[in-house]
Amino acid sequence: MASVFLYHVVGDLTVGKPEMVEFCETETVEAAIQAIGESTEAGIAVWKKRSVVGVIENNEMRQQRFVGILNSLDVVAFLARNECLEDQEKAMKTPVSEVVVPSNSCLRQVDPATRLIDALEMMKQGVKRLLVRKSVVWKGMSKRFSILYNGKWLKNVDTTGGSNNNLYHNPNWPSSSTTTSRDKFCCLSREDVIRFVIGCLGALAPLPLSSISSLGIINPNYHSIEASSPAIETTENIPRDPCAIAVVERMYGDQCKIIGEISASKLWKCDHLAAAWALANFSAGQFVMGVEDNVSSRSQDFCLNPNVGNNGQTNGGGSTRARKFSSRSMGFNPGNSSFGISRSMYRGRSAPLTCKVTSSLAAVMAQMLSHRATHVWVIEDESEDVLVGVVGYADIMAAVTKQPAAFAAASRHCEGGIVNEIQT
């Protein structure tokens with residue numbers, strides 16, 4: 001484990017971060033779509049309203065008001081329900097409290113002087129957001145000596161006892177209440193942390209150049225759906241971390257080939273209503289390929305509501321709002337108009353983000369940041385698109401905080417596996 005995580009604190013990552021504006025659970029789905037488009041990791045934190053206005057909240061009260069994180073896949077899955085497709089106007093006015101999946105443990109409030117290593121440990125355990133108080137005296141100038149906070153040397157935080165669910169606090173830390181005139185917070189995502197880590201690759205050497213397979217961070221327990229299955233089946237059990245389902249084609253044995261994905265990051269800035277209609281009416285393969293009629297033009301539109309007649313009125317008495325669907329309205333750019341033909345030639349915007357098992361940790365982090373993705377699908381080194389697993393934020397954080405002895409053991413295990421394969 002690099003000393004950079006011991007000498008840096010969370011406050012170093014908050015410099016320049018805007019003040020967080022709470023998104024209330026009473027807001028509409030329509031407002032949530034706009035907020036998600038401006039968010040990180042394709043999701044927004046949802047809060048309950050304060051019960052008493054004007055009362056100073058403590059950490060526990062604020063934590064209890066946090067509901068969960070709403071992402072774009074949750075919204076599309078909600079809009080794909082039959083009742084929502086029948087009356088889209090009503091669906092868009094639905095409060096997000098009926099859509100968000102409650103998960104109070106996804107966010108934790110921490111002091112600006114919390115060591116970065118402690119923040120990483122929390123995120124390894126499933127925390128996706130860190131709520132950090134914006135202190136007016138915090139200058140973010142700690143650099144290597146961040147353990148010196150506001151003129152006071154801090155003792156290390158004891159993380160051996162207590163629960164990870166509690167706020168990390170040290171009695172030597174200055175009180176945040178004495179440094180702010182009112183509650184001002186910023187929100188750090190895992191993307192922010194990884195962006196910081198990739199700027200410290202030299203301090204992590206030789207770890208960044210090690211392959212992800214040698215580090216043992218490839219997660220084989222991914223969620224998938226066959227291309228021929230209805231895309232709506234993905235909404236029955238949406239995974240939370242990463243929030244992504246691989247769309248695959250079965251090959252020989254237990255192997256499968258990835259042709260796309262249905263995920264929060266892919267649906268991040270799409271037309272959510274168009275995506276919902278496609279999710280309810282297409283197969284998973286058609287959904288990710290942005291299928292279009294082979295004999296029609298690429299601008300061919302499909303009516304978003306199958307009950308809408310030529311006059312634009314809904315036969316079932318629902319909304320009269322006319323909506324259209326086309327592959328381009330969802331951000332798709334297919335290279336071939338017929339699903340199942342020349343599929344290997346297609347590499348549009350819906351193509352999944354993949355890496356090889358031999359890819360380095362630094363390369364995978366760079367991929368995730370450049371595409372602003374929460375995960376990368378891992379394929380075999382020699383067999384094109386044969387899916388092996390997935391690497392997400394939590395896996396990367398586990399790798400960069402791994403003790404040297406554990407890293408050496410993982411490398412020896414991987415090398416031993418390769419030797420055995422060669423011998424057989």
# chains A, B, ... in the order shown; residues from 1 in each chain; ligands from 1
call {"tool": "closest_atom_pairs", "arguments": {"of": "stretch 35-78 of chain A", "to": "stretch 373-384 of chain A", "cutoff": "12 Å", "atoms": "only C-alpha atoms", "output": "tab-separated table"}}
result
residue	atom	partner	partner_atom	distance
A:Thr40	CA	A:Ala373	CA	9.5
A:Glu41	CA	A:Thr374	CA	6.4
A:Ala42	CA	A:Ala373	CA	8.7
A:Gly43	CA	A:Thr374	CA	10.9
A:Asn71	CA	A:Thr374	CA	11.9
call {"tool": "residues_around", "arguments": {"residues": "stretch 238-253 of chain A", "least_positions_apart": "2", "cutoff": "10 Å", "atoms": "only C-alpha atoms", "output": "JSON, numbers by chain"}}
result
{"A": [42, 69, 71, 72, 73, 74, 77, 101, 126, 128, 222, 223, 224, 225, 226, 227, 228, 229, 231, 233, 234, 235, 236, 255, 256, 257, 258, 259, 260, 261, 262, 263, 264, 265, 266, 284, 285, 287, 288, 352, 373, 374, 375, 376, 377, 385, 386, 387, 389, 390, 391, 392, 393, 394]}
call {"tool": "residues_around", "arguments": {"residues": "A:Met61", "least_positions_apart": "4", "cutoff": "12 Å", "atoms": "only C-alpha atoms", "output": "PDB file with C-alpha atoms, in the first residue's frame"}}
result
ATOM      1  CA  TRP A  47     -32.684  13.157   0.202  1.00  0.00           C
ATOM      2  CA  LYS A  48     -35.699  13.513   2.444  1.00  0.00           C
ATOM      3  CA  LYS A  49     -36.769  17.021   3.364  1.00  0.00           C
ATOM      4  CA  ARG A  50     -35.691  18.409   6.699  1.00  0.00           C
ATOM      5  CA  SER A  51     -38.405  17.784   9.266  1.00  0.00           C
ATOM      6  CA  VAL A  52     -37.715  21.053  11.068  1.00  0.00           C
ATOM      7  CA  VAL A  55     -32.573  23.360  13.371  1.00  0.00           C
ATOM      8  CA  ILE A  56     -28.860  22.566  13.187  1.00  0.00           C
ATOM      9  CA  GLU A  57     -28.451  18.980  12.041  1.00  0.00           C
ATOM     10  CA  ARG A  65     -32.329  11.872   5.663  1.00  0.00           C
ATOM     11  CA  PHE A  66     -30.325  10.243   2.871  1.00  0.00           C
ATOM     12  CA  GLN A 109     -20.298  11.866   5.841  1.00  0.00           C
TER      13      GLN A 109
END
call {"tool": "residues_around", "arguments": {"residues": "A:Ser210", "least_positions_apart": "5", "cutoff": "8 Å", "atoms": "only C-alpha atoms", "output": "short mmCIF file (atom, residue, chain, number, x, y, z; two decimals) with N, CA, C and O atoms, in the first residue's frame"}}
result
data_model
loop_
_atom_site.label_atom_id
_atom_site.label_comp_id
_atom_site.auth_asym_id
_atom_site.auth_seq_id
_atom_site.Cartn_x
_atom_site.Cartn_y
_atom_site.Cartn_z
N LEU A 215 -3.35 -9.14 -10.56
CA LEU A 215 -3.81 -8.51 -9.33
C LEU A 215 -5.02 -9.22 -8.74
O LEU A 215 -5.39 -8.97 -7.59
N SER A 360 -3.16 -3.55 -18.25
CA SER A 360 -2.60 -3.06 -16.99
C SER A 360 -3.66 -2.32 -16.19
O SER A 360 -4.66 -1.83 -16.74
N LEU A 361 -3.42 -2.20 -14.91
CA LEU A 361 -4.34 -1.49 -14.03
C LEU A 361 -4.45 -0.03 -14.45
O LEU A 361 -5.54 0.54 -14.46
#
call {"tool": "closest_residue", "arguments": {"among": "A:Ser370, A:Thr26, A:Ser283, A:Thr114", "to": "A:Val10", "atoms": "only C-alpha atoms"}}
result
A:Thr114
call {"tool": "closest_residue", "arguments": {"among": "A:Ile396, A:Met20, A:Val132, A:Cys84", "to": "A:Gly216", "atoms": "only C-alpha atoms"}}
result
A:Ile396
call {"tool": "residues_around", "arguments": {"residues": "A:His272", "least_positions_apart": "2", "cutoff": "8 Å", "atoms": "only C-alpha atoms", "output": "PyMOL selection string"}}
result
chain A and resi 33+72+75-76+79+267+270+274-276+330
call {"tool": "atom_distance", "arguments": {"atom1": "atom CA of A:Asn59", "atom2": "atom CA of A:Val96"}}
result
24.0 Å
